[in-house]
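Below is input.cif, which holds mmCIF, C-alpha atoms.
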data_coords
#
loop_
_atom_site.label_atom_id
_atom_site.label_comp_id
_atom_site.auth_asym_id
_atom_site.auth_seq_id
_atom_site.Cartn_x
_atom_site.Cartn_y
_atom_site.Cartn_z
CA MET A 14 0.00 0.00 0.00
CA ALA A 15 2.83 2.36 0.92
CA VAL A 16 4.53 1.61 -2.40
CA LEU A 17 1.31 2.34 -4.26
CA GLU A 18 0.92 5.67 -2.46
CA VAL A 19 4.48 6.69 -3.25
CA THR A 20 3.95 5.77 -6.89
CA ARG A 21 0.80 7.84 -7.09
CA LEU A 22 2.46 10.74 -5.33
CA SER A 23 5.35 10.72 -7.75
CA GLY A 24 2.83 11.40 -10.48
CA LEU A 25 1.25 14.27 -8.63
CA GLY A 26 3.25 17.04 -10.20
CA ALA A 27 2.50 15.97 -13.75
CA THR A 28 -1.14 15.40 -12.94
CA LEU A 29 -1.45 18.91 -11.60
CA LEU A 30 -0.04 20.32 -14.79
CA VAL A 31 -2.29 18.59 -17.25
CA LEU A 32 -5.51 19.15 -15.41
CA LEU A 33 -5.09 22.87 -15.27
CA ILE A 34 -5.42 23.17 -18.98
CA GLY A 35 -8.78 21.50 -19.26
CA SER A 36 -10.70 24.40 -20.73
CA PRO A 37 -12.96 23.33 -23.60
CA ALA A 38 -12.25 24.86 -27.02
CA TRP A 39 -15.51 26.84 -27.34
CA ALA A 40 -15.61 28.87 -30.51
CA HIS A 41 -14.33 32.43 -30.16
CA ASP A 42 -13.07 32.12 -26.61
CA PRO A 43 -9.55 32.71 -25.28
CA VAL A 44 -6.97 29.97 -25.82
CA PHE A 45 -6.27 29.28 -22.12
CA GLY A 46 -8.93 31.27 -20.34
CA LEU A 47 -12.67 30.91 -20.46
CA GLY A 48 -15.12 33.04 -22.44
CA PRO A 49 -18.92 33.16 -22.65
CA HIS A 50 -19.27 31.85 -26.19
CA VAL A 51 -21.67 29.00 -26.80
CA LEU A 52 -22.93 27.54 -30.06
CA TYR A 53 -25.97 28.15 -32.25
CA LYS A 54 -28.98 25.92 -31.63
CA GLY A 55 -28.57 22.56 -33.36
CA GLY A 56 -24.95 23.31 -34.18
CA VAL A 57 -22.13 20.82 -33.74
CA GLU A 58 -18.60 21.82 -32.90
CA VAL A 59 -15.75 19.40 -33.46
CA ALA A 60 -12.37 20.35 -32.08
CA THR A 61 -9.10 18.58 -31.87
CA GLU A 62 -6.38 20.01 -29.73
CA VAL A 63 -2.92 19.29 -28.55
CA HIS A 64 -1.33 20.83 -25.52
CA THR A 65 1.97 20.30 -23.87
CA ASP A 66 3.40 21.33 -20.48
CA LYS A 67 6.96 21.28 -19.35
CA ALA A 68 8.18 21.67 -15.79
CA GLY A 69 11.72 20.53 -15.03
CA ASP A 70 12.04 16.91 -16.06
CA GLU A 71 8.27 16.47 -16.38
CA GLN A 72 6.68 16.78 -19.79
CA ASP A 73 3.01 16.10 -20.47
CA THR A 74 1.39 16.10 -23.88
CA GLU A 75 -2.29 15.56 -24.40
CA LEU A 76 -4.27 15.13 -27.57
CA GLY A 77 -7.93 15.93 -27.11
CA LEU A 78 -11.08 15.50 -29.17
CA GLU A 79 -14.12 17.57 -28.27
CA LEU A 80 -17.68 17.38 -29.47
CA VAL A 81 -20.10 20.14 -28.53
CA TYR A 82 -23.80 20.45 -29.31
CA GLY A 83 -25.88 23.62 -29.25
CA ILE A 84 -28.99 22.83 -27.22
CA THR A 85 -30.34 26.37 -27.56
CA GLY A 86 -28.79 29.60 -28.78
CA ASP A 87 -27.47 30.16 -25.25
CA TRP A 88 -26.82 26.68 -23.94
CA ALA A 89 -24.38 24.05 -25.14
CA ALA A 90 -22.97 20.79 -23.84
CA GLY A 91 -20.17 18.50 -24.88
CA ILE A 92 -17.72 15.73 -24.24
CA GLU A 93 -13.96 15.69 -24.28
CA LEU A 94 -11.87 12.59 -24.93
CA SER A 95 -8.13 12.58 -24.48
CA TYR A 96 -5.01 10.62 -25.25
CA ALA A 97 -2.08 11.45 -23.01
CA ARG A 98 1.65 10.98 -22.95
CA LYS A 99 3.57 11.70 -19.78
CA GLU A 100 7.26 11.74 -19.06
CA GLU A 101 8.76 12.03 -15.60
CA GLY A 102 12.50 11.67 -15.62
CA PRO A 103 13.29 8.17 -16.92
CA GLN A 104 9.65 7.04 -16.79
CA SER A 105 7.07 7.58 -19.49
CA ALA A 106 3.61 6.31 -20.33
CA SER A 107 0.93 6.94 -22.92
CA GLY A 108 -2.68 5.93 -23.34
CA THR A 109 -6.21 7.12 -22.78
CA GLY A 110 -6.70 10.02 -20.41
CA ASP A 111 -9.78 11.01 -18.45
CA VAL A 112 -13.07 11.74 -20.19
CA SER A 113 -14.79 15.02 -19.35
CA LEU A 114 -18.37 16.21 -19.74
CA PHE A 115 -19.18 19.90 -19.77
CA THR A 116 -21.96 22.38 -20.28
CA LYS A 117 -22.07 26.15 -20.61
CA TYR A 118 -25.05 28.45 -20.24
CA ARG A 119 -24.98 32.08 -21.39
CA PHE A 120 -27.30 33.77 -18.92
CA TRP A 121 -26.85 37.35 -20.11
CA ARG A 122 -26.27 38.90 -23.52
CA HIS A 123 -26.31 42.50 -24.73
CA ASP A 124 -26.07 42.99 -28.49
CA THR A 125 -25.30 46.27 -30.20
CA LEU A 126 -24.15 47.16 -33.71
CA GLY A 127 -20.95 45.17 -34.34
CA ALA A 128 -20.53 44.19 -30.71
CA GLN A 129 -21.66 41.55 -28.27
CA GLU A 130 -21.31 41.57 -24.51
CA SER A 131 -22.27 38.50 -22.52
CA ALA A 132 -21.75 36.38 -19.43
CA ALA A 133 -21.97 32.64 -18.89
CA VAL A 134 -21.49 29.87 -16.36
CA LEU A 135 -19.64 26.64 -17.01
CA LEU A 136 -19.85 23.27 -15.34
CA LYS A 137 -17.34 20.59 -16.17
CA VAL A 138 -16.96 17.14 -14.68
CA LYS A 139 -13.80 15.16 -15.28
CA THR A 140 -14.59 11.53 -14.79
CA ASP A 141 -12.35 8.83 -13.35
CA SER A 142 -11.87 7.03 -16.65
CA GLY A 143 -8.21 7.35 -17.64
CA ASP A 144 -5.51 4.77 -17.11
CA ASP A 145 -4.28 5.42 -13.57
CA ASN A 146 -2.36 2.15 -13.34
CA ALA A 147 0.33 3.33 -15.73
CA THR A 148 3.53 4.88 -14.38
CA PRO A 149 3.29 7.78 -14.42
CA ALA A 150 -0.52 7.64 -14.15
CA LEU A 151 -2.45 8.97 -17.16
CA GLY A 152 -5.65 9.59 -15.26
CA THR A 153 -6.09 11.08 -11.81
CA GLY A 154 -8.19 8.28 -10.37
CA THR A 155 -10.69 10.87 -9.19
CA THR A 156 -13.81 12.65 -10.32
CA ASP A 157 -13.24 16.40 -10.34
CA THR A 158 -15.66 19.25 -10.83
CA ILE A 159 -15.02 22.69 -12.30
CA LEU A 160 -17.39 25.61 -11.92
CA GLY A 161 -16.69 28.73 -13.96
CA LEU A 162 -18.06 32.22 -14.39
CA THR A 163 -17.09 34.37 -17.35
CA TYR A 164 -17.74 37.75 -18.91
CA GLY A 165 -16.80 38.80 -22.44
CA TYR A 166 -17.02 41.78 -24.77
CA GLU A 167 -16.39 41.37 -28.48
CA SER A 168 -16.39 44.08 -31.07
CA LEU A 169 -15.11 44.39 -34.60
CA LYS A 170 -11.82 45.80 -33.30
CA TRP A 171 -11.32 44.97 -29.62
CA TYR A 172 -12.03 42.04 -27.33
CA ARG A 173 -11.92 41.62 -23.57
CA TRP A 174 -12.73 38.73 -21.28
CA ALA A 175 -12.56 37.95 -17.58
CA SER A 176 -13.18 34.61 -15.94
CA LEU A 177 -12.96 32.81 -12.64
CA ARG A 178 -12.98 29.05 -12.21
CA TYR A 179 -12.99 26.84 -9.15
CA ARG A 180 -11.84 23.27 -9.40
CA ARG A 181 -12.91 20.82 -6.72
CA ASN A 182 -10.72 17.70 -6.85
CA GLY A 183 -11.83 14.31 -5.65
CA GLU A 184 -9.92 11.76 -3.59
CA ASN A 185 -8.39 8.66 -5.15
CA ASP A 186 -8.38 5.12 -3.79
CA ALA A 187 -5.06 5.69 -2.03
CA GLY A 188 -6.50 8.56 0.01
CA LEU A 189 -4.76 11.26 -2.02
CA ARG A 190 -6.72 14.42 -2.74
CA ARG A 191 -5.08 16.98 -4.97
CA GLY A 192 -5.61 20.51 -3.73
CA ASP A 193 -8.54 22.49 -5.06
CA LYS A 194 -7.71 25.16 -7.62
CA ILE A 195 -8.78 28.69 -8.38
CA LEU A 196 -8.08 29.96 -11.87
CA PHE A 197 -8.35 33.60 -12.84
CA ASP A 198 -8.04 35.03 -16.35
CA LEU A 199 -7.95 38.49 -17.87
CA VAL A 200 -7.74 38.58 -21.67
CA GLY A 201 -7.51 41.27 -24.32
CA GLY A 202 -7.91 40.80 -28.06
CA TRP A 203 -7.18 42.94 -31.09
CA ARG A 204 -8.29 42.51 -34.69
CA PRO A 205 -5.83 44.37 -36.93
CA THR A 206 -8.05 44.50 -40.02
CA PRO A 207 -11.85 44.85 -40.24
CA PRO A 208 -13.51 41.49 -40.80
CA SER A 209 -15.29 40.47 -43.96
CA TYR A 210 -17.68 37.54 -43.76
CA TYR A 211 -16.22 35.33 -46.50
CA GLU A 212 -12.59 36.27 -45.86
CA PRO A 213 -10.08 34.89 -43.32
CA ASP A 214 -10.11 36.71 -40.00
CA THR A 215 -7.32 37.10 -37.46
CA VAL A 216 -7.50 38.18 -33.82
CA TRP A 217 -4.39 38.52 -31.62
CA LEU A 218 -4.78 37.72 -27.96
CA LEU A 219 -2.87 38.43 -24.79
CA GLU A 220 -3.92 36.58 -21.67
CA LEU A 221 -2.99 36.94 -18.03
CA ASN A 222 -3.68 33.60 -16.33
CA GLY A 223 -3.41 33.19 -12.60
CA GLU A 224 -3.62 29.86 -10.75
CA TYR A 225 -3.81 29.24 -7.05
CA GLY A 226 -3.72 25.71 -5.70
CA LYS A 227 -4.33 24.49 -2.18
CA ARG A 228 -2.01 21.84 -0.75
CA ALA A 229 -2.78 18.23 -1.61
CA GLU A 230 -3.78 15.91 1.21
CA LEU A 231 -2.95 12.28 1.84
CA ASN A 232 -5.46 10.69 4.19
CA GLY A 233 -6.29 14.12 5.53
CA VAL A 234 -2.65 15.20 6.08
CA GLU A 235 -1.42 18.15 4.04
CA LEU A 236 1.58 17.53 1.80
CA ALA A 237 4.26 20.19 2.05
CA ASN A 238 5.54 20.18 -1.52
CA THR A 239 2.23 20.83 -3.23
CA GLY A 240 0.05 23.81 -4.08
CA GLY A 241 0.96 27.44 -4.55
CA THR A 242 0.48 30.22 -7.04
CA GLU A 243 1.60 30.70 -10.63
CA TRP A 244 1.01 33.55 -13.06
CA PHE A 245 1.35 33.35 -16.82
CA LEU A 246 1.42 35.82 -19.67
CA SER A 247 0.04 34.11 -22.74
CA PRO A 248 0.19 35.50 -26.26
CA GLY A 249 -2.13 33.76 -28.70
CA ILE A 250 -3.81 33.94 -32.06
CA PHE A 251 -7.26 33.13 -33.35
CA TRP A 252 -7.48 32.59 -37.11
CA THR A 253 -10.76 31.70 -38.78
CA LYS A 254 -12.25 31.20 -42.21
CA ARG A 255 -15.96 30.61 -42.39
CA ASN A 256 -16.63 27.62 -40.14
CA PHE A 257 -13.02 26.62 -39.49
CA ALA A 258 -10.78 28.01 -36.77
CA ILE A 259 -7.23 27.65 -35.59
CA LYS A 260 -6.33 28.79 -32.08
CA ALA A 261 -2.83 28.71 -30.70
CA GLY A 262 -0.99 30.15 -27.73
CA VAL A 263 1.91 29.80 -25.35
CA GLN A 264 1.79 30.28 -21.59
CA ILE A 265 4.95 31.90 -20.29
CA PRO A 266 5.39 31.90 -16.51
CA ILE A 267 5.97 35.39 -15.11
CA ALA A 268 5.63 34.78 -11.38
CA SER A 269 5.64 31.71 -9.20
CA ASP A 270 5.17 31.06 -5.51
CA LEU A 271 4.93 27.31 -5.13
CA ASN A 272 4.94 25.66 -1.70
CA GLY A 273 8.01 23.70 -0.65
CA ASP A 274 10.19 22.04 -3.24
CA GLN A 275 8.41 21.85 -6.59
CA GLU A 276 9.39 22.21 -10.23
CA GLU A 277 8.19 25.50 -11.66
CA THR A 278 6.46 25.46 -15.03
CA ASP A 279 8.83 26.15 -17.93
CA TYR A 280 6.09 26.70 -20.51
CA ARG A 281 2.77 25.43 -21.77
CA ALA A 282 1.56 25.48 -25.36
CA LYS A 283 -1.75 24.73 -27.00
CA LEU A 284 -2.99 24.32 -30.56
CA VAL A 285 -6.68 23.87 -31.42
CA LEU A 286 -8.32 23.07 -34.75
CA GLU A 287 -12.05 23.63 -34.68
CA TRP A 288 -14.97 23.20 -37.04
CA HIS A 289 -18.58 24.31 -36.78
CA LEU A 290 -20.87 21.90 -38.55
CA MET B 21 -50.34 47.38 -82.32
CA LYS B 22 -47.77 49.58 -80.63
CA GLN B 23 -49.80 49.59 -77.43
CA PHE B 24 -50.11 45.83 -77.56
CA LEU B 25 -46.35 45.49 -77.89
CA VAL B 26 -45.67 47.83 -74.93
CA VAL B 27 -48.19 45.98 -72.73
CA SER B 28 -46.69 42.64 -73.73
CA LEU B 29 -43.17 43.83 -72.95
CA LEU B 30 -44.28 45.17 -69.56
CA PHE B 31 -45.98 41.87 -68.82
CA ILE B 32 -42.89 39.86 -69.74
CA TRP B 33 -40.68 42.22 -67.70
CA SER B 34 -42.88 41.88 -64.66
CA LEU B 35 -42.88 38.10 -65.00
CA ALA B 36 -39.08 38.14 -65.20
CA ALA B 37 -38.94 40.35 -62.13
CA LEU B 38 -41.18 37.98 -60.21
CA ALA B 39 -39.11 35.02 -61.30
CA ALA B 40 -36.00 36.77 -60.02
CA GLY B 41 -37.24 36.53 -56.46
CA THR B 42 -36.82 38.85 -53.48
CA GLN B 43 -33.99 40.37 -51.51
CA TYR B 44 -34.36 40.71 -47.75
CA VAL B 45 -32.05 42.98 -45.81
CA MET B 46 -32.06 42.39 -42.06
CA ARG B 47 -30.54 44.57 -39.36
CA VAL B 48 -28.94 42.39 -36.72
CA ASP B 49 -27.05 43.35 -33.56
CA GLY B 50 -24.19 41.39 -32.02
CA LEU B 51 -22.35 40.57 -35.23
CA ALA B 52 -18.76 40.87 -34.07
CA CYS B 53 -16.94 38.08 -35.89
CA PRO B 54 -17.37 36.11 -39.12
CA TYR B 55 -16.79 32.74 -37.44
CA CYS B 56 -19.57 33.38 -34.93
CA ALA B 57 -21.96 34.42 -37.70
CA TYR B 58 -21.63 31.08 -39.48
CA GLY B 59 -24.61 29.75 -37.54
CA ILE B 60 -26.79 32.36 -39.26
CA GLU B 61 -25.72 31.18 -42.69
CA LYS B 62 -26.28 27.57 -41.72
CA LYS B 63 -29.78 28.26 -40.44
CA LEU B 64 -30.77 30.40 -43.41
CA LYS B 65 -29.60 27.72 -45.82
CA LYS B 66 -32.11 25.35 -44.27
CA ILE B 67 -34.93 27.49 -45.64
CA ASP B 68 -36.09 26.25 -49.03
CA GLY B 69 -35.54 28.82 -51.75
CA VAL B 70 -32.72 30.75 -50.11
CA GLU B 71 -30.25 31.33 -52.92
CA LYS B 72 -27.70 33.81 -51.65
CA ILE B 73 -26.54 35.01 -48.25
CA ASP B 74 -24.18 37.80 -47.36
CA VAL B 75 -23.25 39.32 -44.02
CA ASP B 76 -21.97 42.87 -43.60
CA LEU B 77 -20.50 42.86 -40.11
CA GLU B 78 -19.69 46.56 -39.97
CA LYS B 79 -23.21 47.64 -40.90
CA GLY B 80 -24.88 44.81 -39.01
CA LEU B 81 -26.72 43.60 -42.08
CA VAL B 82 -27.66 40.13 -43.23
CA VAL B 83 -28.71 40.10 -46.88
CA VAL B 84 -30.69 37.14 -48.16
CA GLU B 85 -31.90 36.52 -51.69
CA VAL B 86 -34.73 34.07 -52.12
CA SER B 87 -36.25 32.59 -55.22
CA GLU B 88 -39.66 33.33 -56.63
CA GLY B 89 -42.59 32.71 -54.31
CA VAL B 90 -40.50 32.29 -51.17
CA GLU B 91 -41.54 34.48 -48.27
CA ILE B 92 -39.52 35.27 -45.15
CA THR B 93 -41.42 36.56 -42.13
CA GLU B 94 -40.38 38.68 -39.15
CA PRO B 95 -41.36 36.12 -36.46
CA GLN B 96 -39.41 33.48 -38.38
CA MET B 97 -36.31 35.69 -38.48
CA LYS B 98 -36.61 36.74 -34.84
CA GLN B 99 -36.53 33.09 -33.84
CA LEU B 100 -33.77 32.22 -36.29
CA PHE B 101 -31.44 34.94 -35.01
CA LYS B 102 -32.25 34.12 -31.40
CA ASP B 103 -31.31 30.49 -32.03
CA ALA B 104 -28.12 31.66 -33.73
CA GLY B 105 -27.20 33.80 -30.72
CA PHE B 106 -27.89 37.30 -32.08
CA THR B 107 -30.55 40.00 -31.88
CA TYR B 108 -32.83 40.67 -34.82
CA ARG B 109 -33.83 44.35 -35.19
CA SER B 110 -35.64 44.98 -38.47
CA MET B 111 -36.12 43.86 -42.06
CA THR B 112 -36.70 45.43 -45.45
CA LYS B 113 -37.58 43.61 -48.66
CA GLN B 114 -37.39 44.45 -52.31
CA PRO B 115 -37.93 42.53 -55.53
CA LEU B 116 -34.82 41.58 -57.44
#

Translate the structure of the given file into structure tokens.
Amino acid sequence: MAVLEVTRLSGLGATLLVLLIGSPAWAHDPVFGLGPHVLYKGGVEVATEVHTDKAGDEQDTELGLELVYGITGDWAAGIELSYARKEEGPQSASGTGDVSLFTKYRFWRHDTLGAQESAAVLLKVKTDSGDDNATPALGTGTTDTILGLTYGYESLKWYRWASLRYRRNGENDAGLRRGDKILFDLVGGWRPTPPSYYEPDTVWLLELNGEYGKRAELNGVELANTGGTEWFLSPGIFWTKRNFAIKAGVQIPIASDLNGDQEETDYRAKLVLEWHL
Amino acid sequence: MKQFLVVSLLFIWSLAALAAGTQYVMRVDGLACPYCAYGIEKKLKKIDGVEKIDVDLEKGLVVVEVSEGVEITEPQMKQLFKDAGFTYRSMTKQPL
């Protein structure tokens, strides 16, 4: 049992990294943050994304496939499947990651000429479905819940978003509970040339992403080398043509205050290809 | 004879005009990006007889050309734009 716990703990750092990124693709939303965009009623969004994190000798890469359905013009729901590869020093593993289910409801919208201002709530549940027997583990062995609140303003020239998310992590069979997380995002966007409906469109983004994590607990005892705060500055791009979009960005750490002895994040990167059908 | 010819020409012209269909120009708020507006195009294309769609984001206009005999109504458009995630304001129509 003790060996099993140590094994699971050794995968804690990598697990923390990957799970932070789990923000669904969602149309014209920020790359790393959360925006209020949903999908038109009856619409289907298919997105495939790859993201990678590096922190010291830990490197995680995840390939995700998302399907979203527009239930109404203001409410959408979807599923996210993932395939993960993790490296921790000399150890590496790859296979299916955890499956997530999510829904977003836009509860407020104010439309004016060439601009849209709105706010939405998000609920996401990451199920205990990935391979957590691999070393390092590819799933967390827990069911986690994320609740998010977001505001966004989009115009033909400028964009701005703000969001707050709380992640409640479950406890695995070994009694390990990763610390809950609070994620905070402020995002600005700029469109250099006026958009034309049938022409390609580009929006440049700059995100400020803050993450605060509580300490993890093992059988109710706090673990010293877990949790803390990290801030990232994240340039990104959103390129679209008709119903196809490419989103890409890099998270660059600008400040870090992690508890105890932990590897700081070197970088994170994300690329999303998205279709509206 | 001359009068008959003029009347006949007018009749043929009016028939041609009718056959050319109707153009609807709708004022819509919230149009801030082409990618987001794709849902409008998709929904309009589901209406039988819609032949051409254009979106002018800067002016907030959605222009739809429909074939002869096809009618687009305000309640229909209000619902369509609501389902697409935008706000319908007004509509004008003119024969093509």

Residue contacts of segment 105-119 of chain A (7 Å, all atoms listed in the file) excluding same-chain residues fewer than 6 positions away, as JSON, numbers by chain: {"A": [49, 51, 87, 88, 89, 90, 91, 92, 93, 94, 95, 96, 97, 98, 99, 132, 133, 134, 135, 136, 137, 138, 139, 140, 141, 142, 143, 144, 147, 148, 149, 151, 152]}

Could you save those same residues with C-alpha atoms as a PDB file, keeping the file's coordinate frame?
ATOM      1  CA  PRO A  49     -18.920  33.160 -22.650  1.00  0.00           C
ATOM      2  CA  VAL A  51     -21.670  29.000 -26.800  1.00  0.00           C
ATOM      3  CA  ASP A  87     -27.470  30.160 -25.250  1.00  0.00           C
ATOM      4  CA  TRP A  88     -26.820  26.680 -23.940  1.00  0.00           C
ATOM      5  CA  ALA A  89     -24.380  24.050 -25.140  1.00  0.00           C
ATOM      6  CA  ALA A  90     -22.970  20.790 -23.840  1.00  0.00           C
ATOM      7  CA  GLY A  91     -20.170  18.500 -24.880  1.00  0.00           C
ATOM      8  CA  ILE A  92     -17.720  15.730 -24.240  1.00  0.00           C
ATOM      9  CA  GLU A  93     -13.960  15.690 -24.280  1.00  0.00           C
ATOM     10  CA  LEU A  94     -11.870  12.590 -24.930  1.00  0.00           C
ATOM     11  CA  SER A  95      -8.130  12.580 -24.480  1.00  0.00           C
ATOM     12  CA  TYR A  96      -5.010  10.620 -25.250  1.00  0.00           C
ATOM     13  CA  ALA A  97      -2.080  11.450 -23.010  1.00  0.00           C
ATOM     14  CA  ARG A  98       1.650  10.980 -22.950  1.00  0.00           C
ATOM     15  CA  LYS A  99       3.570  11.700 -19.780  1.00  0.00           C
ATOM     16  CA  ALA A 132     -21.750  36.380 -19.430  1.00  0.00           C
ATOM     17  CA  ALA A 133     -21.970  32.640 -18.890  1.00  0.00           C
ATOM     18  CA  VAL A 134     -21.490  29.870 -16.360  1.00  0.00           C
ATOM     19  CA  LEU A 135     -19.640  26.640 -17.010  1.00  0.00           C
ATOM     20  CA  LEU A 136     -19.850  23.270 -15.340  1.00  0.00           C
ATOM     21  CA  LYS A 137     -17.340  20.590 -16.170  1.00  0.00           C
ATOM     22  CA  VAL A 138     -16.960  17.140 -14.680  1.00  0.00           C
ATOM     23  CA  LYS A 139     -13.800  15.160 -15.280  1.00  0.00           C
ATOM     24  CA  THR A 140     -14.590  11.530 -14.790  1.00  0.00           C
ATOM     25  CA  ASP A 141     -12.350   8.830 -13.350  1.00  0.00           C
ATOM     26  CA  SER A 142     -11.870   7.030 -16.650  1.00  0.00           C
ATOM     27  CA  GLY A 143      -8.210   7.350 -17.640  1.00  0.00           C
ATOM     28  CA  ASP A 144      -5.510   4.770 -17.110  1.00  0.00           C
ATOM     29  CA  ALA A 147       0.330   3.330 -15.730  1.00  0.00           C
ATOM     30  CA  THR A 148       3.530   4.880 -14.380  1.00  0.00           C
ATOM     31  CA  PRO A 149       3.290   7.780 -14.420  1.00  0.00           C
ATOM     32  CA  LEU A 151      -2.450   8.970 -17.160  1.00  0.00           C
ATOM     33  CA  GLY A 152      -5.650   9.590 -15.260  1.00  0.00           C
TER      34      GLY A 152
END

Interface residues on chain B facing chain A, 7 Å, all atoms listed in the file, written as number ranges by chain: B: 49-55, 58-59, 75-78, 80, 102-107

With C-alpha atoms retained, export the selected residues as a short mmCIF file (atom, residue, chain, number, x, y, z; two decimals), in the frame of the given file.
data_model
loop_
_atom_site.label_atom_id
_atom_site.label_comp_id
_atom_site.auth_asym_id
_atom_site.auth_seq_id
_atom_site.Cartn_x
_atom_site.Cartn_y
_atom_site.Cartn_z
CA ASP B 49 -27.05 43.35 -33.56
CA GLY B 50 -24.19 41.39 -32.02
CA LEU B 51 -22.35 40.57 -35.23
CA ALA B 52 -18.76 40.87 -34.07
CA CYS B 53 -16.94 38.08 -35.89
CA PRO B 54 -17.37 36.11 -39.12
CA TYR B 55 -16.79 32.74 -37.44
CA TYR B 58 -21.63 31.08 -39.48
CA GLY B 59 -24.61 29.75 -37.54
CA VAL B 75 -23.25 39.32 -44.02
CA ASP B 76 -21.97 42.87 -43.60
CA LEU B 77 -20.50 42.86 -40.11
CA GLU B 78 -19.69 46.56 -39.97
CA GLY B 80 -24.88 44.81 -39.01
CA LYS B 102 -32.25 34.12 -31.40
CA ASP B 103 -31.31 30.49 -32.03
CA ALA B 104 -28.12 31.66 -33.73
CA GLY B 105 -27.20 33.80 -30.72
CA PHE B 106 -27.89 37.30 -32.08
CA THR B 107 -30.55 40.00 -31.88
#

Polymer residues at most 7 Å from Glu224 of chain A, only C-alpha atoms, same-chain spacing of 6 or more positions, as number ranges by chain: A: 194-197, 242-244

Hits from the PyMOL selection byres ((chain B and resi 39-48) around 10), listed as a PyMOL selection string: (chain A and resi 124-127) or (chain B and resi 33-38+49-51+69-77+79-94+97-98+101+106-116)

Å distance separating atom CA of Thr239 of chain A from atom CA of Val63 of chain A, one decimal place: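 Atom CA of Val63 of chain A lies 25.9 Å from atom CA of Thr239 of chain A.
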
Run through the PyMOL selection byres ((chain A and resi 270) around 7) on the given coordinates and return the selected residues as a PDB file with C-alpha atoms, keeping the file's coordinate frame.
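selection.pdb written:
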ATOM      1  CA  GLY A 241       0.960  27.440  -4.550  1.00  0.00           C
ATOM      2  CA  THR A 242       0.480  30.220  -7.040  1.00  0.00           C
ATOM      3  CA  GLU A 243       1.600  30.700 -10.630  1.00  0.00           C
ATOM      4  CA  ALA A 268       5.630  34.780 -11.380  1.00  0.00           C
ATOM      5  CA  SER A 269       5.640  31.710  -9.200  1.00  0.00           C
ATOM      6  CA  LEU A 271       4.930  27.310  -5.130  1.00  0.00           C
ATOM      7  CA  ASN A 272       4.940  25.660  -1.700  1.00  0.00           C
TER       8      ASN A 272
END

One-decimal distance in Å that lies between atom CA of Gly223 of chain A and atom CA of Gly201 of chain A: 14.8 Å
